[in-house]
Structures are given as C-alpha cells and as structure tokens.
>>> print(open('my_file_26.cif').read())   # mmCIF, C-alpha atoms and all ligand atoms
data_work
loop_
_atom_site.label_atom_id
_atom_site.label_comp_id
_atom_site.auth_asym_id
_atom_site.auth_seq_id
_atom_site.Cartn_x
_atom_site.Cartn_y
_atom_site.Cartn_z
CA MET A 910 23.23 2.63 -9.11
CA LYS A 911 19.57 2.79 -8.24
CA ARG A 912 18.71 2.40 -4.60
CA LYS A 913 16.36 -0.26 -3.37
CA LYS A 914 12.82 1.05 -2.92
CA ILE A 915 11.33 -0.39 0.25
CA VAL A 916 7.95 -0.34 1.95
CA ALA A 917 8.15 -1.99 5.36
CA GLY A 918 5.21 -2.55 7.66
CA ASN A 919 5.80 -2.43 11.40
CA TRP A 920 2.85 -4.17 13.00
CA LYS A 921 4.17 -3.40 16.49
CA MET A 922 2.21 -5.29 19.21
CA ASN A 923 -0.95 -5.66 17.14
CA LYS A 924 -2.95 -8.57 15.72
CA THR A 925 -3.55 -11.98 17.19
CA PHE A 926 -1.84 -14.80 15.32
CA GLN A 927 -5.04 -15.54 13.35
CA GLU A 928 -5.60 -11.89 12.50
CA GLY A 929 -1.99 -11.59 11.43
CA ILE A 930 -2.28 -14.53 9.05
CA GLN A 931 -5.46 -13.04 7.58
CA LEU A 932 -3.65 -9.75 7.03
CA ALA A 933 -0.68 -11.45 5.36
CA ASP A 934 -3.03 -13.43 3.11
CA ALA A 935 -4.92 -10.28 2.16
CA ILE A 936 -1.68 -8.48 1.32
CA VAL A 937 -0.48 -11.38 -0.82
CA THR A 938 -3.81 -11.53 -2.66
CA GLN A 939 -3.73 -7.85 -3.53
CA MET A 940 0.00 -7.51 -4.09
CA PRO A 941 0.66 -5.49 -7.26
CA LEU A 942 3.43 -6.23 -9.74
CA THR A 943 6.14 -3.94 -8.46
CA ASP A 944 9.87 -3.42 -8.11
CA VAL A 945 9.35 -2.30 -4.51
CA THR A 946 10.81 -4.54 -1.81
CA VAL A 947 7.99 -5.20 0.66
CA ILE A 948 8.79 -6.16 4.24
CA LEU A 949 6.35 -7.32 6.91
CA GLY A 950 7.61 -6.61 10.43
CA THR A 951 5.34 -8.86 12.43
CA PRO A 952 5.30 -9.89 16.08
CA ALA A 953 7.80 -12.73 16.67
CA ILE A 954 5.03 -15.29 17.18
CA HIS A 955 3.61 -14.61 13.70
CA LEU A 956 6.85 -14.55 11.77
CA LYS A 957 7.20 -18.16 10.67
CA GLU A 958 3.64 -18.59 9.42
CA VAL A 959 3.55 -15.17 7.77
CA GLY A 960 6.81 -16.22 6.12
CA ASN A 961 5.11 -19.36 4.81
CA ARG A 962 2.25 -17.31 3.38
CA VAL A 963 4.55 -14.93 1.48
CA LYS A 964 7.31 -17.30 0.43
CA TYR A 965 6.24 -17.60 -3.22
CA PHE A 966 6.52 -13.83 -3.63
CA SER A 967 10.14 -12.95 -4.21
CA GLY A 968 9.44 -9.29 -3.43
CA ILE A 969 7.96 -9.86 0.02
CA HIS A 970 10.20 -10.44 3.03
CA ILE A 971 9.69 -10.68 6.77
CA ALA A 972 11.29 -8.77 9.61
CA ALA A 973 11.54 -9.18 13.35
CA GLN A 974 10.90 -6.02 15.35
CA ASN A 975 13.74 -6.51 17.79
CA CYS A 976 16.40 -9.00 18.85
CA HIS A 977 18.85 -9.58 21.68
CA ALA A 978 22.50 -8.71 21.17
CA GLU A 979 23.72 -12.12 22.37
CA LYS A 980 23.51 -15.19 20.20
CA ARG A 981 21.95 -17.41 22.87
CA GLY A 982 21.80 -17.93 26.60
CA ALA A 983 19.95 -17.19 29.81
CA PHE A 984 17.93 -14.16 28.71
CA THR A 985 14.36 -15.14 29.53
CA GLY A 986 11.80 -13.81 27.11
CA GLU A 987 14.27 -12.61 24.48
CA ILE A 988 14.78 -13.74 20.88
CA SER A 989 18.13 -14.06 19.15
CA THR A 990 19.30 -13.34 15.63
CA GLU A 991 20.01 -17.05 15.25
CA MET A 992 16.33 -17.82 15.96
CA ILE A 993 15.14 -15.09 13.61
CA ASP A 994 17.40 -16.41 10.87
CA SER A 995 16.28 -20.00 11.49
CA ILE A 996 12.67 -19.25 10.52
CA GLY A 997 13.63 -17.44 7.32
CA ALA A 998 13.32 -13.79 8.30
CA GLU A 999 15.83 -11.57 6.57
CA TYR A 1000 15.44 -8.20 8.33
CA VAL A 1001 15.41 -6.96 11.92
CA ILE A 1002 14.11 -3.55 12.96
CA ILE A 1003 16.65 -2.09 15.38
CA GLY A 1004 16.37 0.92 17.63
CA HIS A 1005 12.76 1.87 17.06
CA SER A 1006 11.97 4.95 19.15
CA GLU A 1007 9.50 2.89 21.18
CA ARG A 1008 12.29 0.49 22.12
CA ARG A 1009 14.59 3.37 22.91
CA GLU A 1010 11.96 5.06 25.06
CA TYR A 1011 10.09 2.22 26.80
CA PHE A 1012 12.92 -0.31 27.02
CA GLN A 1013 15.79 2.06 27.63
CA GLU A 1014 17.74 0.98 24.55
CA THR A 1015 20.80 3.15 24.24
CA ASN A 1016 22.96 3.85 21.20
CA ASP A 1017 25.67 1.63 22.71
CA LEU A 1018 23.31 -1.31 23.06
CA LEU A 1019 21.94 -0.73 19.57
CA ALA A 1020 25.44 -0.81 18.11
CA LYS A 1021 25.79 -4.31 19.63
CA LYS A 1022 22.43 -5.38 18.21
CA VAL A 1023 23.41 -4.10 14.77
CA ASP A 1024 26.60 -6.17 15.00
CA ALA A 1025 24.63 -9.28 16.01
CA VAL A 1026 22.18 -8.86 13.13
CA LEU A 1027 24.90 -8.42 10.53
CA LYS A 1028 26.98 -11.26 11.95
CA GLN A 1029 24.01 -13.56 11.43
CA GLY A 1030 23.74 -12.41 7.82
CA LEU A 1031 20.52 -10.50 8.43
CA ILE A 1032 19.78 -6.89 7.50
CA PRO A 1033 19.19 -4.25 10.17
CA ILE A 1034 16.58 -1.55 9.58
CA PHE A 1035 18.16 1.00 11.87
CA CYS A 1036 15.75 3.61 13.21
CA CYS A 1037 16.68 7.13 14.18
CA GLY A 1038 14.72 10.31 14.79
CA GLU A 1039 14.15 13.12 17.23
CA SER A 1040 11.40 14.08 19.67
CA LEU A 1041 9.33 17.24 19.29
CA GLU A 1042 11.23 18.83 22.15
CA ILE A 1043 14.55 18.32 20.38
CA ARG A 1044 13.16 19.63 17.08
CA GLU A 1045 11.74 22.72 18.75
CA LYS A 1046 15.19 23.45 20.16
CA ASN A 1047 16.52 23.03 16.60
CA LYS A 1048 18.86 20.27 17.77
CA HIS A 1049 17.39 17.49 15.58
CA LYS A 1050 20.28 17.25 13.15
CA LYS A 1051 22.85 17.05 15.91
CA TYR A 1052 20.74 14.43 17.71
CA VAL A 1053 20.23 12.19 14.68
CA LYS A 1054 23.90 12.53 13.75
CA LYS A 1055 24.83 11.21 17.20
CA GLN A 1056 22.41 8.28 16.83
CA LEU A 1057 24.12 7.37 13.54
CA GLN A 1058 27.62 7.87 14.88
CA GLU A 1059 27.07 5.78 17.98
CA GLY A 1060 24.75 3.14 16.57
CA LEU A 1061 26.08 2.55 13.05
CA PHE A 1062 29.28 4.33 12.16
CA HIS A 1063 31.51 1.85 13.99
CA LEU A 1064 30.82 -0.47 11.05
CA LYS A 1065 33.31 -0.94 8.24
CA ALA A 1066 32.00 0.23 4.84
CA LYS A 1067 31.37 -3.30 3.61
CA LYS A 1068 29.10 -4.14 6.54
CA PHE A 1069 27.49 -0.73 6.57
CA SER A 1070 26.47 -1.17 2.94
CA LYS A 1071 23.96 -3.84 4.05
CA VAL A 1072 22.15 -1.49 6.44
CA VAL A 1073 18.78 0.15 5.79
CA ILE A 1074 18.13 3.39 7.69
CA ALA A 1075 14.69 4.56 8.78
CA TYR A 1076 14.22 8.18 9.80
CA GLU A 1077 11.22 8.36 12.10
CA PRO A 1078 10.61 11.69 13.84
CA ILE A 1079 8.93 10.72 17.12
CA TRP A 1080 6.46 13.60 16.87
CA ALA A 1081 5.08 12.05 13.67
CA ILE A 1082 4.67 8.48 14.96
CA GLY A 1083 1.08 7.44 15.55
CA THR A 1084 0.04 11.06 15.84
CA GLY A 1085 -1.47 11.59 12.41
CA VAL A 1086 1.02 14.46 12.00
CA THR A 1087 3.33 13.62 9.14
CA ALA A 1088 6.57 15.40 8.48
CA SER A 1089 6.03 17.53 5.41
CA PRO A 1090 7.73 16.18 2.28
CA GLU A 1091 10.21 19.08 2.60
CA GLN A 1092 10.99 18.26 6.25
CA ALA A 1093 11.48 14.58 5.37
CA GLN A 1094 13.67 15.40 2.38
CA GLU A 1095 15.79 17.81 4.42
CA MET A 1096 16.53 15.15 7.05
CA HIS A 1097 17.06 12.35 4.55
CA LYS A 1098 19.52 14.49 2.61
CA PHE A 1099 21.27 15.32 5.88
CA ILE A 1100 21.48 11.63 6.84
CA ARG A 1101 22.84 10.70 3.41
CA LYS A 1102 25.47 13.42 3.77
CA GLN A 1103 26.56 11.93 7.11
CA VAL A 1104 26.93 8.54 5.45
CA ALA A 1105 28.92 10.09 2.58
CA ASP A 1106 31.21 11.88 5.03
CA GLN A 1107 31.75 8.75 7.10
CA TYR A 1108 32.15 6.31 4.20
CA SER A 1109 31.88 7.61 0.64
CA LYS A 1110 29.41 9.14 -1.76
CA LYS A 1111 29.20 5.77 -3.47
CA VAL A 1112 28.11 4.04 -0.25
CA ALA A 1113 25.71 6.89 0.57
CA ASP A 1114 24.14 6.75 -2.88
CA LYS A 1115 23.38 3.07 -2.37
CA THR A 1116 21.89 3.37 1.14
CA SER A 1117 18.11 3.12 1.30
CA ILE A 1118 16.68 5.66 3.76
CA LEU A 1119 13.04 5.11 4.70
CA TYR A 1120 10.70 7.66 6.21
CA GLY A 1121 8.41 6.64 9.07
CA GLY A 1122 5.70 8.55 10.90
CA SER A 1123 2.02 8.56 9.91
CA VAL A 1124 2.66 7.36 6.36
CA LYS A 1125 -0.72 6.71 4.75
CA PRO A 1126 -2.19 6.34 1.26
CA ALA A 1127 -2.95 10.08 1.14
CA ASN A 1128 0.65 11.21 1.70
CA ALA A 1129 2.82 8.33 0.50
CA LYS A 1130 3.21 9.48 -3.09
CA GLU A 1131 4.46 12.92 -2.15
CA LEU A 1132 6.84 11.57 0.48
CA PHE A 1133 8.22 8.86 -1.81
CA GLY A 1134 8.60 11.45 -4.55
CA GLN A 1135 11.39 13.18 -2.60
CA ALA A 1136 14.88 12.63 -3.98
CA ASP A 1137 16.31 11.10 -0.82
CA VAL A 1138 13.25 9.23 0.45
CA ASP A 1139 13.59 5.62 -0.64
CA GLY A 1140 10.43 4.29 0.94
CA GLY A 1141 8.59 4.04 4.20
CA LEU A 1142 8.40 2.29 7.54
CA VAL A 1143 4.69 2.16 8.12
CA GLY A 1144 2.94 1.56 11.44
CA GLY A 1145 -0.84 2.02 11.66
CA ALA A 1146 -1.52 1.91 7.92
CA SER A 1147 0.33 -1.42 7.59
CA LEU A 1148 -2.42 -3.07 9.66
CA LYS A 1149 -4.97 -2.63 6.88
CA ALA A 1150 -4.26 -4.56 3.71
CA ASN A 1151 -5.91 -2.00 1.42
CA ASP A 1152 -3.99 0.92 2.87
CA PHE A 1153 -0.69 -0.94 2.84
CA ILE A 1154 -1.19 -1.98 -0.78
CA GLU A 1155 -2.06 1.60 -1.73
CA ILE A 1156 1.15 2.76 -0.09
CA ILE A 1157 3.19 0.18 -2.01
CA SER A 1158 1.47 1.30 -5.21
CA ALA A 1159 2.30 4.95 -4.44
CA PHE A 1160 5.87 4.56 -5.77
P1 LIG B 1 2.73 5.14 12.35
O1 LIG B 1 2.80 4.89 10.86
O2 LIG B 1 1.59 4.47 13.02
O3 LIG B 1 2.87 6.60 12.65
O4 LIG B 1 4.04 4.44 12.98
C1 LIG B 1 5.27 4.69 12.40
C2 LIG B 1 6.26 3.76 12.98
O5 LIG B 1 6.60 3.85 14.14
C3 LIG B 1 6.79 2.71 12.13
O6 LIG B 1 7.86 2.07 12.72
#
>>> encode(input="my_file_26.cif", output="structure tokens", more="lines below")
Ligand code: 13P
Amino acid sequence: MKRKKIVAGNWKMNKTFQEGIQLADAIVTQMPLTDVTVILGTPAIHLKEVGNRVKYFSGIHIAAQNCHAEKRGAFTGEISTEMIDSIGAEYVIIGHSERREYFQETNDLLAKKVDAVLKQGLIPIFCCGESLEIREKNKHKKYVKKQLQEGLFHLKAKKFSKVVIAYEPIWAIGTGVTASPEQAQEMHKFIRKQVADQYSKKVADKTSILYGGSVKPANAKELFGQADVDGGLVGGASLKANDFIEIISAF
C-alpha cells in the first residue's frame, strides 16, 4: 500500500482575508497535475472562502490550525470541530509546537482534541517534535515517543489509521535551519517504528509522516526523497504561491 503524499501549508497568523484569498487563487492557478494531496491550513476567518476557491480541485483541501476539545459551549473566542466541519474543512492541525509553547497545550489536552477531531469525522495532523535543548541532551527520541504515547496512542487502530503525523523539530521552525535529510529520515523511521510497535507494521506502513521546519523549494526534493518522509508541513514558504507550488512539484 502506498502512503498518501501530502504537502500542507500552515499559514499561521499571517495574511489578511483579502491577501489570503489572493494567495489561494494564485495557488489554484499554478497548481500542477499531481498525485500529492495539498492542504491549506489557513486562519479560521479565511477557511470558508479559501474552501470555495479550491473546491473544484479534488486534490486541494483545507485545514484549521486548532480547535477546542468540546463540541460547543461557553468558550469565548474558541472554534469547535463542528464549526470546522460545517464549512467543509477536512483537516485540523493539532499540537503545533507554537500552541504547546504559547498556549500551554499539554499532551493530555491534545489527546482530547484528537478525539474531538476524529469524532467529527475530520483528520488530525498531529504535530510532535523536540526543542534544541532536548536534542542537545540526546533525549529527542524519548521526548517524541512520549508525545505520541500521550497524545495519540490511546486511539484504537481503526481511529489511529486516519491520523497524519507531522514531525517538526522546534529548532528548525522559522529559523532557516532545516533538519538534514538524514536527521529527518532517522526521526521519521523512529516514529514509524513506534506506530508499528503500538499497532502493527501494516498500520505504520500506511501512516503519512510529514516533516516540518524550514521546508523550502531548495530542500524539499531531498527531504521528500527520504524513505519515511511522506511530505511536508510548510510554514513560511507556504505564504508565497511560487514557493509552495515548487515544493508540491518537488515530489
Ligand atoms: P517554517 O516552514 O516557517 O519553518 O514553519 C514550519 C511550521 O511550523 C509548519 O507548521
């Protein structure tokens, strides 16, 4: 079974609504014929209209960047999986390191968010990855293993098989420093092994594991060429249509 190849853009808190629509239109205009699943992770405000712009392209999907764990209620300022689903988004980025760091999202909370996303029939893109400090202490494998165990491995195999994993070493995010293809491959192989040990080799072989952290046109081909790298979660370079298209074309 071939794994899904995915290039997902994470726009983070960038682009006004108008700029976002322009970007989506530019991506659609330049979109190559490809078997890569393309996902646009836009700010919540942009999602519905970006969805309208890409809806005739079966290979382009939209993602929210976060959600609340509860279905609805008195949680001012939050968005629910039900809302995300209701505007046609199919994916939700969960546990991005920026959410973990700046919004104190713990593995326990993320496990609840993962449950909420799956319950709504949406697909979580579950982020994991270590800081430079942890890597320098050579504890990165242990750390990422714990993130997987506490955030994802409570799922039964059937539910887990829907999940997309993104490995994003924090030291490579927005820094221009990319993990080398060998470093990325080593961690992706390690993550796949954890999935195989928890579930089965069959489940692990079907799980798409994306790399994130300073992916750009110049390094995408080499990263995506690694056996266990099934695509990318792209921040900065997803904000420029040309760069994002080049990254998609790098497969
Ligand atoms: P950059 O590509 O800007 O390093 O961001 C990566 C990221 O955090 C994607 O989620």
>>> closest_atom_pairs(input="my_file_26.cif", of="range 1047-1102 of chain A", to="range 1118-1121 of chain A", cutoff="8 Å", atoms="all atoms listed in the file", output="tab-separated table")
residue	atom	partner	partner_atom	distance
A:Val1073	CA	A:Ile1118	CA	6.2
A:Ile1074	CA	A:Ile1118	CA	4.8
A:Ala1075	CA	A:Leu1119	CA	4.4
A:Tyr1076	CA	A:Tyr1120	CA	5.1
A:Glu1077	CA	A:Gly1121	CA	4.5
A:Pro1078	CA	A:Gly1121	CA	7.3
A:Ala1081	CA	A:Gly1121	CA	7.8
A:Ile1082	CA	A:Gly1121	CA	7.2
A:Ala1093	CA	A:Tyr1120	CA	7.0
A:His1097	CA	A:Ile1118	CA	6.7
A:Arg1101	CA	A:Ile1118	CA	8.0
>>> write_last_selection(input="my_file_26.cif", atoms="C-alpha atoms", output="PDB file, in the frame of the given file")
ATOM      1  CA  VAL A1073      18.780   0.150   5.790  1.00  0.00           C
ATOM      2  CA  ILE A1074      18.130   3.390   7.690  1.00  0.00           C
ATOM      3  CA  ALA A1075      14.690   4.560   8.780  1.00  0.00           C
ATOM      4  CA  TYR A1076      14.220   8.180   9.800  1.00  0.00           C
ATOM      5  CA  GLU A1077      11.220   8.360  12.100  1.00  0.00           C
ATOM      6  CA  PRO A1078      10.610  11.690  13.840  1.00  0.00           C
ATOM      7  CA  ALA A1081       5.080  12.050  13.670  1.00  0.00           C
ATOM      8  CA  ILE A1082       4.670   8.480  14.960  1.00  0.00           C
ATOM      9  CA  ALA A1093      11.480  14.580   5.370  1.00  0.00           C
ATOM     10  CA  HIS A1097      17.060  12.350   4.550  1.00  0.00           C
ATOM     11  CA  ARG A1101      22.840  10.700   3.410  1.00  0.00           C
TER      12      ARG A1101
END
>>> axis_aligned_box(input="my_file_26.cif", around="ligand LIG 1 (chain B)", padding_each_side="5 Å", output="JSON")
{"center_x": 4.7, "center_y": 4.3, "center_z": 12.5, "size_x": 16.3, "size_y": 14.5, "size_z": 13.3}
>>> atom_distance(input="my_file_26.cif", atom1="CA of Lys1065 in chain A", atom2="CA of Lys1021 in chain A")
14.1 Å
>>> residues_around(input="my_file_26.cif", residues="Lys1050 in chain A", least_positions_apart="5", cutoff="10 Å", atoms="all atoms listed in the file", output="PDB file with C-alpha atoms, in the frame of the given file")
ATOM      1  CA  GLY A1038      14.720  10.310  14.790  1.00  0.00           C
ATOM      2  CA  GLU A1039      14.150  13.120  17.230  1.00  0.00           C
ATOM      3  CA  ILE A1043      14.550  18.320  20.380  1.00  0.00           C
ATOM      4  CA  ARG A1044      13.160  19.630  17.080  1.00  0.00           C
ATOM      5  CA  LYS A1055      24.830  11.210  17.200  1.00  0.00           C
ATOM      6  CA  GLN A1056      22.410   8.280  16.830  1.00  0.00           C
ATOM      7  CA  GLU A1095      15.790  17.810   4.420  1.00  0.00           C
ATOM      8  CA  MET A1096      16.530  15.150   7.050  1.00  0.00           C
ATOM      9  CA  PHE A1099      21.270  15.320   5.880  1.00  0.00           C
ATOM     10  CA  ILE A1100      21.480  11.630   6.840  1.00  0.00           C
TER      11      ILE A1100
END
>>> residues_around(input="my_file_26.cif", residues="Ile1079 in chain A", least_positions_apart="4", cutoff="12 Å", atoms="all atoms listed in the file", output="list in words")
His1005, Ser1006, Glu1007, Arg1008, Arg1009, Glu1010, Cys1036, Cys1037, Gly1038, Glu1039, Ser1040, Leu1041, Glu1042, Ile1043, Arg1044, His1049, Val1053, Ala1075, Gly1083, Thr1084, Gly1085, Val1086, Thr1087, Ala1088, Tyr1120, Gly1121, Gly1122 and Ser1123 of chain A
>>> atom_distance(input="my_file_26.cif", atom1="CA of Thr943 in chain A", atom2="CA of Leu1027 in chain A")
27.1 Å
>>> residues_around(input="my_file_26.cif", residues="Ile936 in chain A", least_positions_apart="2", cutoff="10 Å", atoms="only C-alpha atoms", output="list in words")
Ile930, Gln931, Leu932, Ala933, Asp934, Thr938, Gln939, Met940, Pro941, Leu949, Arg962, Val963, Ile969, Ser1147, Leu1148, Lys1149, Ala1150, Asn1151, Asp1152, Phe1153 and Ile1154 of chain A
>>> atom_distance(input="my_file_26.cif", atom1="CA of Glu1155 in chain A", atom2="CA of Leu1031 in chain A")
27.6 Å
>>> residues_around(input="my_file_26.cif", residues="range 1060-1062 of chain A", least_positions_apart="5", cutoff="12 Å", atoms="all atoms listed in the file", output="VMD selection string")
chain A and resid 1003 to 1004 1009 1014 to 1024 1027 1033 to 1037 1053 to 1055 1067 to 1074 1100 1103 to 1108
>>> residues_around(input="my_file_26.cif", residues="Glu1131 in chain A", least_positions_apart="2", cutoff="12 Å", atoms="all atoms listed in the file", output="JSON, numbers by chain")
{"A": [1087, 1088, 1089, 1090, 1091, 1092, 1093, 1094, 1120, 1124, 1125, 1126, 1127, 1128, 1129, 1133, 1134, 1135, 1136, 1138, 1139, 1140, 1141, 1156, 1159, 1160]}
>>> closest_residue(input="my_file_26.cif", among="A:Arg912, A:Ala973, A:Phe984, A:Phe926", to="ligand LIG 1 (chain B)", atoms="all atoms listed in the file")
A:Ala973
>>> closest_residue(input="my_file_26.cif", among="A:His1063, A:Ala972, A:Ser995, A:Glu958", to="ligand LIG 1 (chain B)", atoms="only C-alpha atoms and all ligand atoms")
A:Ala972
>>> closest_residue(input="my_file_26.cif", among="A:Val945, A:Ile988, A:Val1143, A:Ile1032", to="ligand LIG 1 (chain B)", atoms="only C-alpha atoms and all ligand atoms")
A:Val1143
>>> closest_residue(input="my_file_26.cif", among="A:Asn919, A:Thr1116, A:Thr925, A:Asn975", to="ligand LIG 1 (chain B)", atoms="all atoms listed in the file")
A:Asn919
>>> closest_residue(input="my_file_26.cif", among="A:Ala1025, A:Ile954, A:Ile1002, A:Ala978", to="ligand LIG 1 (chain B)", atoms="only C-alpha atoms and all ligand atoms")
A:Ile1002
>>> closest_residue(input="my_file_26.cif", among="A:Gln927, A:Thr951, A:Thr990, A:Ser967", to="ligand LIG 1 (chain B)", atoms="all atoms listed in the file")
A:Thr951
>>> residues_near_point(input="my_file_26.cif", point="(14.1, -17.8, 9.8)", cutoff="12 Å", atoms="all atoms listed in the file", output="ChimeraX atom specification")
/A:953-961,964,970-973,988-1001,1029-1031
>>> write_last_selection(input="my_file_26.cif", atoms="C-alpha atoms", output="PDB file, in the frame of the given file")
ATOM      1  CA  ALA A 953       7.800 -12.730  16.670  1.00  0.00           C
ATOM      2  CA  ILE A 954       5.030 -15.290  17.180  1.00  0.00           C
ATOM      3  CA  HIS A 955       3.610 -14.610  13.700  1.00  0.00           C
ATOM      4  CA  LEU A 956       6.850 -14.550  11.770  1.00  0.00           C
ATOM      5  CA  LYS A 957       7.200 -18.160  10.670  1.00  0.00           C
ATOM      6  CA  GLU A 958       3.640 -18.590   9.420  1.00  0.00           C
ATOM      7  CA  VAL A 959       3.550 -15.170   7.770  1.00  0.00           C
ATOM      8  CA  GLY A 960       6.810 -16.220   6.120  1.00  0.00           C
ATOM      9  CA  ASN A 961       5.110 -19.360   4.810  1.00  0.00           C
ATOM     10  CA  LYS A 964       7.310 -17.300   0.430  1.00  0.00           C
ATOM     11  CA  HIS A 970      10.200 -10.440   3.030  1.00  0.00           C
ATOM     12  CA  ILE A 971       9.690 -10.680   6.770  1.00  0.00           C
ATOM     13  CA  ALA A 972      11.290  -8.770   9.610  1.00  0.00           C
ATOM     14  CA  ALA A 973      11.540  -9.180  13.350  1.00  0.00           C
ATOM     15  CA  ILE A 988      14.780 -13.740  20.880  1.00  0.00           C
ATOM     16  CA  SER A 989      18.130 -14.060  19.150  1.00  0.00           C
ATOM     17  CA  THR A 990      19.300 -13.340  15.630  1.00  0.00           C
ATOM     18  CA  GLU A 991      20.010 -17.050  15.250  1.00  0.00           C
ATOM     19  CA  MET A 992      16.330 -17.820  15.960  1.00  0.00           C
ATOM     20  CA  ILE A 993      15.140 -15.090  13.610  1.00  0.00           C
ATOM     21  CA  ASP A 994      17.400 -16.410  10.870  1.00  0.00           C
ATOM     22  CA  SER A 995      16.280 -20.000  11.490  1.00  0.00           C
ATOM     23  CA  ILE A 996      12.670 -19.250  10.520  1.00  0.00           C
ATOM     24  CA  GLY A 997      13.630 -17.440   7.320  1.00  0.00           C
ATOM     25  CA  ALA A 998      13.320 -13.790   8.300  1.00  0.00           C
ATOM     26  CA  GLU A 999      15.830 -11.570   6.570  1.00  0.00           C
ATOM     27  CA  TYR A1000      15.440  -8.200   8.330  1.00  0.00           C
ATOM     28  CA  VAL A1001      15.410  -6.960  11.920  1.00  0.00           C
ATOM     29  CA  GLN A1029      24.010 -13.560  11.430  1.00  0.00           C
ATOM     30  CA  GLY A1030      23.740 -12.410   7.820  1.00  0.00           C
ATOM     31  CA  LEU A1031      20.520 -10.500   8.430  1.00  0.00           C
TER      32      LEU A1031
END
